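First comes the structure, then the notes that go with it.
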Amino acid sequence: MTKQLMRGSHVIGEAATRAGCRFYAGYPITPQNELPEYMSERFAKLEGATFIQAESELAAINMVMGASMAGVRAMTSSSSPGISLKQEGISYMAGMELPAVVVNIMRGGPGLGNIAPTQQDYFQATRGGGHGGYRTIVLAPYSGQELVTLTMKAFDLADVYRTPVILLGDGLMGQMMEPVTFPDPIDPDTLPQKDWRLDGARDRDSRLIASLHLDPAQMEQHNWKLARKYAAICERETKRESYLLDDAVLAVVAFGTAARIAKGAVNRVRKAGLRAGLFRPITLWPFPEKELRALTRTIKHVLVFEMNFGQMVEDVRISVGEQATVHFHGRPGGIISTPHEIADAITKLFYRYKLDN
Amino acid sequence: MTKQLMRGSHVIGEAATRAGCRFYAGYPITPQNELPEYMSERFAKLEGATFIQAESELAAINMVMGASMAGVRAMTSSSSPGISLKQEGISYMAGMELPAVVVNIMRGGPGLGNIAPTQQDYFQATRGGGHGGYRTIVLAPYSGQELVTLTMKAFDLADVYRTPVILLGDGLMGQMMEPVTFPDPIDPDTLPQKDWRLDGARDRDSRLIASLHLDPAQMEQHNWKLARKYAAICERETKRESYLLDDAVLAVVAFGTAARIAKGAVNRVRKAGLRAGLFRPITLWPFPEKELRALTRTIKHVLVFEMNFGQMVEDVRISVGEQATVHFHGRPGGIISTPHEIADAITKLFYRYKLDN
Amino acid sequence: MKKKGFIRINSELCKGCGLCITACLKGSIRISNKLNMKGYHPAEYIENEKSKNRKCTGCALCAITCPDIAIEVFRD
Amino acid sequence: MKKKGFIRINSELCKGCGLCITACLKGSIRISNKLNMKGYHPAEYIENEKSKNRKCTGCALCAITCPDIAIEVFRD
Amino acid sequence: MAKQVFKRPDAIKENVFHYCPGCGHSIIHRLVAEVIDELGIRDKTVGVPPAGCAVLAYNYINVDMGEAPHGRAIAVATGIKRARPELIVFTYQGDGDIAAIGTAETIHAANRGERLSVIFVNNGVYGMTGGQMAPTTLLGQTTTTTPGGRLPLRDGFPLDLSQMLAVANGSVYIERTAVTSPKNIIKAKKAIKKAFQVQMDDLGFALVEVLSQCPTNWKLSPVEACRRVEEEVMQNYPLGIIKDTTHKGD
Amino acid sequence: MAKQVFKRPDAIKENVFHYCPGCGHSIIHRLVAEVIDELGIRDKTVGVPPAGCAVLAYNYINVDMGEAPHGRAIAVATGIKRARPELIVFTYQGDGDIAAIGTAETIHAANRGERLSVIFVNNGVYGMTGGQMAPTTLLGQTTTTTPGGRLPLRDGFPLDLSQMLAVANGSVYIERTAVTSPKNIIKAKKAIKKAFQVQMDDLGFALVEVLSQCPTNWKLSPVEACRRVEEEVMQNYPLGIIKDTTHKGD
Amino acid sequence: MGMTKIIFSGFGGQGVLMMGYVLATSGMYEDKHVTYLPSYGAEVRGGTANCTVTVSDEPIASPVASFPDFAVLMNTPSLMKFEGRIKTGGTVFLNSDLVELRPKRSDIQVVAIPVNTIAVKLGSIRGANMVMIGAFIQKTGLVALKSVVKSVKSIFETKGAKVHKMNRAAIQEGAAFKTV
Amino acid sequence: MGMTKIIFSGFGGQGVLMMGYVLATSGMYEDKHVTYLPSYGAEVRGGTANCTVTVSDEPIASPVASFPDFAVLMNTPSLMKFEGRIKTGGTVFLNSDLVELRPKRSDIQVVAIPVNTIAVKLGSIRGANMVMIGAFIQKTGLVALKSVVKSVKSIFETKGAKVHKMNRAAIQEGAAFKTV
Ligand SMILES: Cc1ncc(C[n+]2csc(CCOP(=O)(O)OP(=O)(O)O)c2C)c(N)n1
Ligand SMILES: Cc1ncc(C[n+]2csc(CCOP(=O)(O)OP(=O)(O)O)c2C)c(N)n1
Ligand code: SF4
Ligand code: SF4
Ligand code: SF4
Ligand code: SF4
């Protein structure tokens, strides 16, 4: 496989196509316009693939809902405000157990905010910004190559668990070019048949895909079913990277772009002899709770670094309980911290808590 | 003040009117239609008050945004799916620091779900279902009379902190009639002037209300300002009811409708000599974390009861840390537990953990 | 010879809306005094399906109008 | 007597779009060879505002067209 | 031997309709089912019901169905149709669904000429939620949110969605019908059939508006409700073909 | 003594426009400001800018302004106007804002006859986000999401929003103008003035569509862009009054 | 008397919600704790309407009645729906004009009243619910009859003296009805 | 040589993004770690365009350059914007045809090249960015000149041999330019 220098948004588009995605509907919004633009061109040349520039994010998510009902691998993408508009649709898809991939290239907020890279939609993504208490799998790539693997994985997870999967990046992930290689494309016809899809009741009873459960007992049953599914996902699908944690006395916890920078910071302080490491959740939901908890046998200080004013810090607190002290460093507006800045924050903690002896 | 037997939705409408609300925009959805219906009639007869049945929830929240910009106390209401559609607007209002009251009479979900009472939108309400990591104050009434006081308080909090406030109820709260009394109505003209409102730049510079902050440094500054405001709210505005907790060895934590039932259950088990009490968060955000934490000096078992499959349980875990064991009982579909059922759940815990000796 | 027909009304499906009565040009249907299980007074066919003198032509206008598909129509 | 006028172009506001040149029926504006600070070649008024022979009538069509309100128009 | 000349269509399930007595919805359901039977397309048809009184349409019409959020039926249907163009896809929507919250989706699908057959049931109120004003509510009409009658200054005018859709270039067939009498019902069925045929012929976006009665929320008997449609509603929404360019170029 | 016959309007701030060279937006801004000056309503006017290239309109037009989410300017403006009917409220919106994501809000505000003056800038693309297709994009036109040109079957037809709004009963004045030449600019200003006047006279919903040039995304020089508007765009969107019922009953 | 839960059920149009509302208002006038909970939403359409009233001396936890003490059932479907849920020792009030069936359970009491007949005799079938509430109050003593008369008067305040007179007569007639 | 960060900046149309892209691609061909980050969004409109390239022997943490090692500045506003951010000891490459100003800082080196003039001489001003990249590579040695030629060839693959020839000439001419 030859390496290609490719913009993050394009990488997602190409990876999705190779994962067998054949339906894309979206609405422009910076900083992810290059993704629909890529899809418009890619799908124009690909037999059986549909690109629709929808009239709105609402229309887009609902078109994806329809395509998913028809059994096709489908994707939509947007950035923060547009994702807010898709919450109703995501809730419906979670309720109807419809697979789809929803890409959120986060920007500054709340409101119109700006288009700089932030991680301010962590809660929305991991707690289900829509109604009804569903959950969505959330994947947080931190490099061009991971955009390839996680985008493709997103489609698989969506199909296996019949649930929407969110790929959560930021403007830096979307705009940055890095060398990437792609695996061979998957032929959608070779994917497992979806025996629930709507394709006309030929030689079988008619099918229904619906989230309406007027009877509370039936609704409750359905929700316990979802709860069991979510428990299974938590059991099986957590994913994280551990970096230099074996001998560490302090762990930085960061995801996505922030984790890149944190890694650079860890490398820096390591050079100064400080035993810090990086714990990088790759799945934000399910959060790698147990794995983080396990670290607290040796690590008593955790520095959460997020490009917001503190959201994942709650998951970290839940994970470590009272076994470690949780510190927080945040940049909530699109300023991208330097590794230097984070290294400073780490160093201060070593100094304040005398971790280096 | 004479008592009136009134339906919850109407109580909210009347309380809002008496709090000086003069703008309502909404879109019908069960189980809260009686609220817009009440407003349509009430405002038709009230000079200077505007009722609009909007073409959608999106339009409604944005109309409320406009009315709020103009300095008028404004409200919208909906139920779960409709609230999902309002997430973008709520995010904008949080970003622009615009006061408003948003009523969510929750129903079953995800998706279309059903119209039975549930508490499945706890995360959405308390974590900000929209983008940008803002927070909204969330009030959870549990009786007709509290619908009066909390609705009126919601308008005050919204104005004081210039932030949207969510009143979170369910179909039971909305449909049930209880006797209530109302305080005298407030004349909107006597409310503190809003020196930020848009009313024409007469003898002053023109004003701007916007959430756009293209410069990341400025966006960050704005977000730290919001963060400070949120910290102040957490400091000052938590509210909870403690019921029979002084000598308790187990606390049930429940809000809204669930708390009513839990209270009945506590009364039941008390009769059997079990020392259980009820901790009822009235503000869900800010969550009464310290107050709950303080209980763990004497209480080592906490039973969270929610009409969902587990959301507030996270806030409880964060609050009690490892000082108490957190148990959960949930009904996620609209079945309303009986006090009996919860009493059973409490009793089982007493038995299992030998709490009664 | 004029066409003859008859109808059968499923009184448990019928909700007594009366639209069939308006539709029937022959006046062959009326509302019954009885209540069905759902609490409606169903429509009833006045004529005897065996009678030679019945006016019902089997035109099916009643059935076309019936919102609850409560009427089956037969023609000789 | 035909009306006379003149214009002043703020070359730092000007983005060199050239619309004023099309608008001017008298040919009194052209694009300059110089770059302004923003990197545009601004428009320049060809005539001398003191000259009696200038063709500019002060009709303001250029200013009406200018997207950047870079032109002020004067009339004698 | 007596021969049965009218019976339940094959494409209608056995379930008892949950609709109120005299409601037009179940008539229209039956017409859709009859058309599906007659065109022989039951095994390649997919329906998208609305949020509205007809939310349970899948309990009655015996084809594959996928539920849409309120107002988004056409967007969902677009997704299905584009993903599998060989299917025949229809939506079934009330006036609140299609002409209020779903306005944008409706107009843009028509404008794109999506190959869909849209059944638009105009009963002038929000039936399911208890009789609030709909965009189509007549001036002066009392509903639960227009207690003194619809006032144009506060509540706007009756919206003629079908006329607006006629402006969209991608719509090829739009007709307004009613189900107040056998005659109208027969015409409505013809129109519905044509809307499906237009899709099968790949011509463009087709919509049939059906004026329907909501006796419950109008607080009229079914017979009075039908009369109201004929005497009042049709004044504002006259029946007939609003757009038909299917024969262009013949 | 020479007398200044053209200068910056009072209602325009000193800031340098951020728009591209030759962009129509800043011309239209100036026209709005001139109208506000001439009507003497600066101190009771509130504007609602869009998400779009004109998102920063508040940096230029010197009146109170409140930002709306993309497409919701008219809903926000409705809230302001209904809350304080004594204010003069206008929105300023691009074609993506008003005719795609904001379709429903636009149509229903027109239908309710909201007392608003709406400036609808039709430049046939999404300028701010980098030149994607807009609902108004012409057939065959290449944009970043229609790489081979707009195809009706995939992308739909150019949408004539103004014509649709004319169907709504609450709209009283709709005119289409352009800013390609001094003559057109003068007409556009007259139309904008009338749209404000209609609001001041409490007559109903008024909208001025302005065909504008986006040289950047059309990849044309400003002069070529203006020529394209006149030669191609106006073929599809002819200038003129589309609806004017303001003199009804005179 | 602790906490009492009552379900009222019948066809839409029989005034069952009004019965519940009257009872709850009457309880309120006596400064009791009361809740009134209508069934709502899709359930209402076509089928039966019902509501649940709780009257209590202490605060009411749940306004829902899984096992009501009393059920006032105005038609046959209501009996079929609720028979199984009535508390042992509880009482069913039946509109015997419309309900021919009788409960199969032997652990509950049955009070059958031809309320339609009585109401028609009094002038209008629309008073049937008032007849029933009179009988119900007389039998259960949940609130005083005069509270009921007072609450009905205030509820129908705008309807004028004639309606009030009819209502009062109906309530009294119901209260006077001798049940077995 | 660790990690090197370079900012390219100029007017839109001067091909500054292409310069960055060429450098990053060349680095990739040499199996270095590279990132390329364009400035995006509203910033692009009207004003200057710029991009940041990182070339490194180890994984790259942040693709952003707070303090770039090198800055390639094609016009005066770019110099004004970036002068303050260049690392001490760093080097500024200036298009001396357009930039008359010189940095005031004494802790950075300045390489001034009349790339417009050279490009025009070679046949088209549009080659100015290629001239600059040639000079930049020659001076910094970040990648081999032949990698640059190779990457330019592949990037402009569809443009045919003539364009390639012109580009190669421009790069070589730039590389040959003798700076002080
Ligand atoms: C997002 C959202 N908003 C509101 C509702 C509630 N709702 C369901 S159906 C409906 C309107 C029904 O009216 P109409 O479409 O005219 O259909 P009808 O019931 O009259 O047939 C509404 C408002 C919903 N389910 N989802
Ligand atoms: C909910 C949401 N979706 C998308 C965007 C991104 N966005 C901003 S402006 C715009 C369209 C701009 O086009 P148009 O309205 O035609 O105005 P122009 O820039 O051409 O003047 C889009 C899609 C957004 N800000 N919010
Ligand atoms: S078939 Fe015709 S004639 Fe016979 S009952 Fe029906 S409508 Fe009347
Ligand atoms: S039309 Fe049907 S439902 Fe109505 S009365 Fe006649 S048979 Fe009964
Ligand atoms: S409420 Fe109206 S539309 Fe709904 S089922 Fe009843 S009659 Fe039909
Ligand atoms: S992109 Fe187009 S619309 Fe936007 S400022 Fe530039 S020329 Fe104007």
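Simple scheme: letters A, B, ... for chains in structure tokens order, numbers from 1 for residues in each chain, numbers from 1 for ligands in the order shown.
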- Query: Hey, what's within 10 Å of segment 4-14 of chain C if we count only C-alpha atoms and toss same-chain stuff fewer than 6 positions away? As a VMD selection string, please?
  - Reply: (chain C and resid 28 to 29 32 34 to 60 62 to 63 66 to 76) or (chain E and resid 2 to 6 15 to 17 21 to 22)
- Message: Residues of chain F within 9 Å of chain E, counting only C-alpha atoms, what are they? List them as a PyMOL selection string.
- Response: chain F and resi 99-105+107-114+135+152-161+163-170
- Check: which chain B residues lie within 6 Å of chain A using only C-alpha atoms, as a PyMOL selection string: chain B and resi 80-81+84-85+87-88+91-92+95+109-114+120-121+124+129-133+211-214+216+219-220+318+321+332-335
Selected residues written out with C-alpha atoms, as a PDB file, in the first residue's frame:
ATOM      1  CA  SER B  80     -38.631  14.845  24.638  1.00  0.00           C
ATOM      2  CA  PRO B  81     -38.355  14.669  20.810  1.00  0.00           C
ATOM      3  CA  SER B  84     -34.059  17.378  21.068  1.00  0.00           C
ATOM      4  CA  LEU B  85     -34.936  19.681  18.206  1.00  0.00           C
ATOM      5  CA  GLN B  87     -30.831  21.767  21.363  1.00  0.00           C
ATOM      6  CA  GLU B  88     -29.177  24.032  18.822  1.00  0.00           C
ATOM      7  CA  SER B  91     -26.877  26.169  22.906  1.00  0.00           C
ATOM      8  CA  TYR B  92     -27.120  29.538  21.166  1.00  0.00           C
ATOM      9  CA  GLY B  95     -23.694  31.138  24.394  1.00  0.00           C
ATOM     10  CA  GLY B 109     -38.057   7.226  24.396  1.00  0.00           C
ATOM     11  CA  PRO B 110     -35.715   7.035  22.579  1.00  0.00           C
ATOM     12  CA  GLY B 111     -37.355   7.956  19.285  1.00  0.00           C
ATOM     13  CA  LEU B 112     -41.101   8.393  19.206  1.00  0.00           C
ATOM     14  CA  GLY B 113     -41.363   6.197  22.291  1.00  0.00           C
ATOM     15  CA  ASN B 114     -44.603   6.770  24.095  1.00  0.00           C
ATOM     16  CA  GLN B 120     -35.204   9.562  30.331  1.00  0.00           C
ATOM     17  CA  ASP B 121     -33.933  13.015  29.433  1.00  0.00           C
ATOM     18  CA  GLN B 124     -29.828  15.710  27.926  1.00  0.00           C
ATOM     19  CA  GLY B 129     -27.784  18.105  24.863  1.00  0.00           C
ATOM     20  CA  GLY B 130     -26.553  20.751  22.500  1.00  0.00           C
ATOM     21  CA  HIS B 131     -23.018  21.470  21.405  1.00  0.00           C
ATOM     22  CA  GLY B 132     -20.445  23.586  23.117  1.00  0.00           C
ATOM     23  CA  GLY B 133     -20.318  22.292  26.657  1.00  0.00           C
ATOM     24  CA  SER B 211     -22.304  33.908  20.079  1.00  0.00           C
ATOM     25  CA  LEU B 212     -19.758  34.167  17.295  1.00  0.00           C
ATOM     26  CA  HIS B 213     -16.210  34.608  18.576  1.00  0.00           C
ATOM     27  CA  LEU B 214     -13.986  33.999  15.592  1.00  0.00           C
ATOM     28  CA  PRO B 216     -10.030  31.539  19.644  1.00  0.00           C
ATOM     29  CA  MET B 219     -13.851  32.499  22.487  1.00  0.00           C
ATOM     30  CA  GLU B 220     -11.795  31.020  25.265  1.00  0.00           C
ATOM     31  CA  ILE B 318     -19.462  11.335  41.553  1.00  0.00           C
ATOM     32  CA  GLY B 321     -17.199   8.696  45.625  1.00  0.00           C
ATOM     33  CA  PRO B 332     -37.416   2.862  31.756  1.00  0.00           C
ATOM     34  CA  GLY B 333     -40.635   2.870  29.809  1.00  0.00           C
ATOM     35  CA  GLY B 334     -43.428   4.699  31.486  1.00  0.00           C
ATOM     36  CA  ILE B 335     -44.528   2.155  34.044  1.00  0.00           C
TER      37      ILE B 335
END
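You will find atom CA of Leu23 of chain G at 22.7 Å from atom CA of Thr338 of chain B.
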- Message: Select, as a ChimeraX atom specification, those residues of chain E with any atom no more than 12 Å from chain B (distances computed using only C-alpha atoms).
- Response: /E:50-52,55-56,67-72,95-104,125-136,142-156,159
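The shell of residues at most 6 Å from segment 132-145 of chain H, with only C-alpha atoms counted and near chain neighbours (fewer than 4 positions) removed, consists of Ile171, Gln172, Gly174 and Ala175 of chain H.
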Save the residues we just selected, all heavy atoms, as a PDB file, in the first residue's frame?
ATOM      1  N   ILE H 171      12.363  25.269  -9.837  1.00  0.00           N
ATOM      2  CA  ILE H 171      12.946  24.764  -8.583  1.00  0.00           C
ATOM      3  C   ILE H 171      14.470  24.881  -8.655  1.00  0.00           C
ATOM      4  O   ILE H 171      15.126  25.350  -7.718  1.00  0.00           O
ATOM      5  CB  ILE H 171      12.526  23.294  -8.358  1.00  0.00           C
ATOM      6  CG1 ILE H 171      11.006  23.235  -8.066  1.00  0.00           C
ATOM      7  CG2 ILE H 171      13.319  22.661  -7.217  1.00  0.00           C
ATOM      8  CD1 ILE H 171      10.414  21.838  -8.144  1.00  0.00           C
ATOM      9  N   GLN H 172      14.992  24.458  -9.789  1.00  0.00           N
ATOM     10  CA  GLN H 172      16.449  24.475  -9.916  1.00  0.00           C
ATOM     11  C   GLN H 172      16.994  25.887  -9.926  1.00  0.00           C
ATOM     12  O   GLN H 172      18.006  26.182  -9.298  1.00  0.00           O
ATOM     13  CB  GLN H 172      16.866  23.720 -11.173  1.00  0.00           C
ATOM     14  CG  GLN H 172      16.827  22.213 -10.920  1.00  0.00           C
ATOM     15  CD  GLN H 172      16.792  21.396 -12.190  1.00  0.00           C
ATOM     16  OE1 GLN H 172      16.636  21.947 -13.286  1.00  0.00           O
ATOM     17  NE2 GLN H 172      16.936  20.078 -12.050  1.00  0.00           N
ATOM     18  N   GLY H 174      15.669  28.389  -8.433  1.00  0.00           N
ATOM     19  CA  GLY H 174      15.595  28.852  -7.045  1.00  0.00           C
ATOM     20  C   GLY H 174      16.752  28.302  -6.231  1.00  0.00           C
ATOM     21  O   GLY H 174      17.395  29.018  -5.451  1.00  0.00           O
ATOM     22  N   ALA H 175      16.999  27.015  -6.422  1.00  0.00           N
ATOM     23  CA  ALA H 175      18.073  26.377  -5.656  1.00  0.00           C
ATOM     24  C   ALA H 175      19.426  26.997  -5.988  1.00  0.00           C
ATOM     25  O   ALA H 175      20.324  27.071  -5.145  1.00  0.00           O
ATOM     26  CB  ALA H 175      18.091  24.875  -5.944  1.00  0.00           C
TER      27      ALA H 175
END
- Task: Run DSSP on the backbone of this structure and report the residues of segment 53-103 of chain H it assigns to alpha helix (DSSP H), as a list in words.
- Result: Thr76, Pro77, Ser78, Leu79, Met80, Lys81 and Phe82 of chain H
- Message: Within 6 Å of ligand 6 (counting only C-alpha atoms and all ligand atoms), which residues show up? I'd like them as an MDAnalysis selection string.
- Response: chainID F and resid 19:20 23 25 53 127:128 214:217
Keeping only N, CA, C and O atoms, take the residues you just selected and write them out as an mmCIF file, in the first residue's frame.
data_model
loop_
_atom_site.group_PDB
_atom_site.id
_atom_site.type_symbol
_atom_site.label_atom_id
_atom_site.label_comp_id
_atom_site.auth_asym_id
_atom_site.auth_seq_id
_atom_site.Cartn_x
_atom_site.Cartn_y
_atom_site.Cartn_z
ATOM 1 N N TYR F 19 -15.540 41.412 3.109
ATOM 2 C CA TYR F 19 -15.975 40.680 1.924
ATOM 3 C C TYR F 19 -14.901 40.660 0.831
ATOM 4 O O TYR F 19 -14.003 41.497 0.801
ATOM 5 N N CYS F 20 -15.051 39.713 -0.062
ATOM 6 C CA CYS F 20 -14.116 39.597 -1.183
ATOM 7 C C CYS F 20 -14.298 40.793 -2.121
ATOM 8 O O CYS F 20 -15.369 41.410 -2.153
ATOM 9 N N CYS F 23 -17.758 41.719 -4.140
ATOM 10 C CA CYS F 23 -18.897 41.004 -3.554
ATOM 11 C C CYS F 23 -20.092 41.936 -3.422
ATOM 12 O O CYS F 23 -19.961 43.089 -3.009
ATOM 13 N N HIS F 25 -22.491 41.692 -1.255
ATOM 14 C CA HIS F 25 -22.978 41.873 0.118
ATOM 15 C C HIS F 25 -22.780 43.294 0.627
ATOM 16 O O HIS F 25 -23.686 43.891 1.218
ATOM 17 N N CYS F 53 -21.889 34.512 4.669
ATOM 18 C CA CYS F 53 -20.819 35.503 4.549
ATOM 19 C C CYS F 53 -21.158 36.783 5.312
ATOM 20 O O CYS F 53 -20.284 37.469 5.806
ATOM 21 N N GLY F 127 -21.635 30.898 0.071
ATOM 22 C CA GLY F 127 -20.371 31.623 0.021
ATOM 23 C C GLY F 127 -19.481 31.300 1.207
ATOM 24 O O GLY F 127 -18.342 30.845 1.062
ATOM 25 N N MET F 128 -20.030 31.502 2.371
ATOM 26 C CA MET F 128 -19.211 31.424 3.581
ATOM 27 C C MET F 128 -18.494 30.091 3.744
ATOM 28 O O MET F 128 -17.378 30.031 4.231
ATOM 29 N N CYS F 214 -20.959 36.469 -6.445
ATOM 30 C CA CYS F 214 -19.945 35.875 -5.573
ATOM 31 C C CYS F 214 -18.744 35.531 -6.436
ATOM 32 O O CYS F 214 -18.551 34.379 -6.825
ATOM 33 N N PRO F 215 -17.959 36.554 -6.790
ATOM 34 C CA PRO F 215 -16.850 36.317 -7.719
ATOM 35 C C PRO F 215 -15.935 35.193 -7.246
ATOM 36 O O PRO F 215 -15.479 34.356 -8.047
ATOM 37 N N THR F 216 -15.703 35.137 -5.960
ATOM 38 C CA THR F 216 -14.766 34.154 -5.411
ATOM 39 C C THR F 216 -15.185 32.734 -5.726
ATOM 40 O O THR F 216 -14.412 31.945 -6.282
ATOM 41 N N ASN F 217 -16.412 32.399 -5.369
ATOM 42 C CA ASN F 217 -16.819 31.018 -5.557
ATOM 43 C C ASN F 217 -17.253 30.709 -6.976
ATOM 44 O O ASN F 217 -17.295 29.545 -7.371
#
- Message: as a ChimeraX atom specification, please: the residues near segment 60-70 of chain H (cut-off 9 Å, only C-alpha atoms, same-chain neighbours under 2 positions excluded).
- Response: /A:172,176,257-265,336-339 /H:3-8,33-37,52-58,72,84-93,140
- Task: Could you list, as a ChimeraX atom specification, the residues of chain G having an atom within 10 Å of chain C when counting only C-alpha atoms?
- Result: /G:10-12,46-48,75-77,98
For Ser39 of chain G, list every protein, DNA or RNA residue within 7 Å, evaluated using only C-alpha atoms, and leave out those in the same chain fewer than 2 positions away; present the list as a compact mmCIF listing (two decimals) with C-alpha atoms, in the first residue's frame.
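Output file result22.txt is given in full below:
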# COMPACT_ATOMS: atom_id res chain seq x y z
CA LEU G 37 -55.04 11.92 37.17
CA ALA G 49 -61.89 7.38 29.13
CA ASN G 50 -60.83 7.00 32.71
CA CYS G 51 -59.32 8.88 35.58
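Neighbouring residues of Arg22 of chain A at 7 Å or closer, counting only C-alpha atoms and skipping chain neighbours under 5 positions away, are Thr17, Gly48, Ala49, Thr50, Val72, Arg73 and Ala74 of chain A.
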Per residue of chain E within 12 Å of chain C, which atom pair is closest and at what distance in Å (one decimal), using only C-alpha atoms, listed by chain and increasing number, as a tab-separated table?
residue	atom	partner	partner_atom	distance
E:Met1	CA	C:Asp76	CA	5.9
E:Ala2	CA	C:Asp76	CA	4.2
E:Lys3	CA	C:Phe74	CA	5.2
E:Gln4	CA	C:Phe74	CA	4.2
E:Val5	CA	C:Phe74	CA	5.3
E:Phe6	CA	C:Val73	CA	4.9
E:Lys7	CA	C:Glu72	CA	5.3
E:Arg8	CA	C:Ile69	CA	6.5
E:Pro9	CA	C:Ile69	CA	9.3
E:Ile12	CA	C:Ile69	CA	9.8
E:Lys13	CA	C:Ile69	CA	11.2
E:Glu14	CA	C:Ile69	CA	10.2
E:Asn15	CA	C:Leu13	CA	9.8
E:Val16	CA	C:Leu13	CA	6.8
E:Phe17	CA	C:Asp68	CA	6.6
E:His18	CA	C:Asp68	CA	9.4
E:Tyr19	CA	C:Asp68	CA	8.6
E:Cys20	CA	C:Lys15	CA	7.9
E:Pro21	CA	C:Cys17	CA	5.0
E:Gly22	CA	C:Cys17	CA	4.9
E:Cys23	CA	C:Pro67	CA	6.6
E:Gly24	CA	C:Pro67	CA	6.6
E:His25	CA	C:Pro67	CA	7.6
E:Ser26	CA	C:Pro67	CA	5.2
E:Ile27	CA	C:Pro67	CA	4.6
E:Ile28	CA	C:Pro67	CA	8.3
E:His29	CA	C:Pro67	CA	9.0
E:Arg30	CA	C:Ile69	CA	8.0
E:Leu31	CA	C:Ile64	CA	9.2
E:Ala33	CA	C:Ile69	CA	12.0
E:Glu34	CA	C:Ile64	CA	11.1
E:Tyr60	CA	C:Asp68	CA	11.0
E:Ala178	CA	C:Thr65	CA	11.5
E:Val179	CA	C:Thr65	CA	7.8
E:Thr180	CA	C:Thr65	CA	7.9
E:Ser181	CA	C:Thr65	CA	6.5
E:Pro182	CA	C:Thr65	CA	5.6
E:Lys183	CA	C:Leu61	CA	8.6
E:Asn184	CA	C:Thr65	CA	9.6
E:Ile185	CA	C:Thr65	CA	7.3
E:Ile186	CA	C:Ile64	CA	8.0
E:Lys187	CA	C:Ile64	CA	11.6
E:Ala188	CA	C:Ile64	CA	11.5
E:Lys189	CA	C:Ile64	CA	10.5
E:Ser212	CA	C:Pro67	CA	11.4
E:Gln213	CA	C:Pro67	CA	11.0
E:Cys214	CA	C:Cys17	CA	11.9
E:Pro215	CA	C:Cys17	CA	9.6
E:Thr216	CA	C:Cys17	CA	11.3
E:Leu220	CA	C:Cys17	CA	11.0
E:Ser221	CA	C:Cys17	CA	7.6
E:Pro222	CA	C:Cys17	CA	5.7
E:Val223	CA	C:Leu19	CA	6.0
E:Glu224	CA	C:Leu19	CA	9.8
E:Ala225	CA	C:Leu19	CA	10.2
E:Cys226	CA	C:Leu19	CA	8.7
E:Arg227	CA	C:Thr22	CA	10.8
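For Val120 of chain G, the list of residues within 12 Å, based on only C-alpha atoms and with local chain neighbours fewer than 5 positions off taken out, reads Asp97, Pro114, Val115, Ile125, Arg126, Gly127, Ala128, Asn129, Met130, Val131, Met166, Ala170 and Glu173 of chain G.
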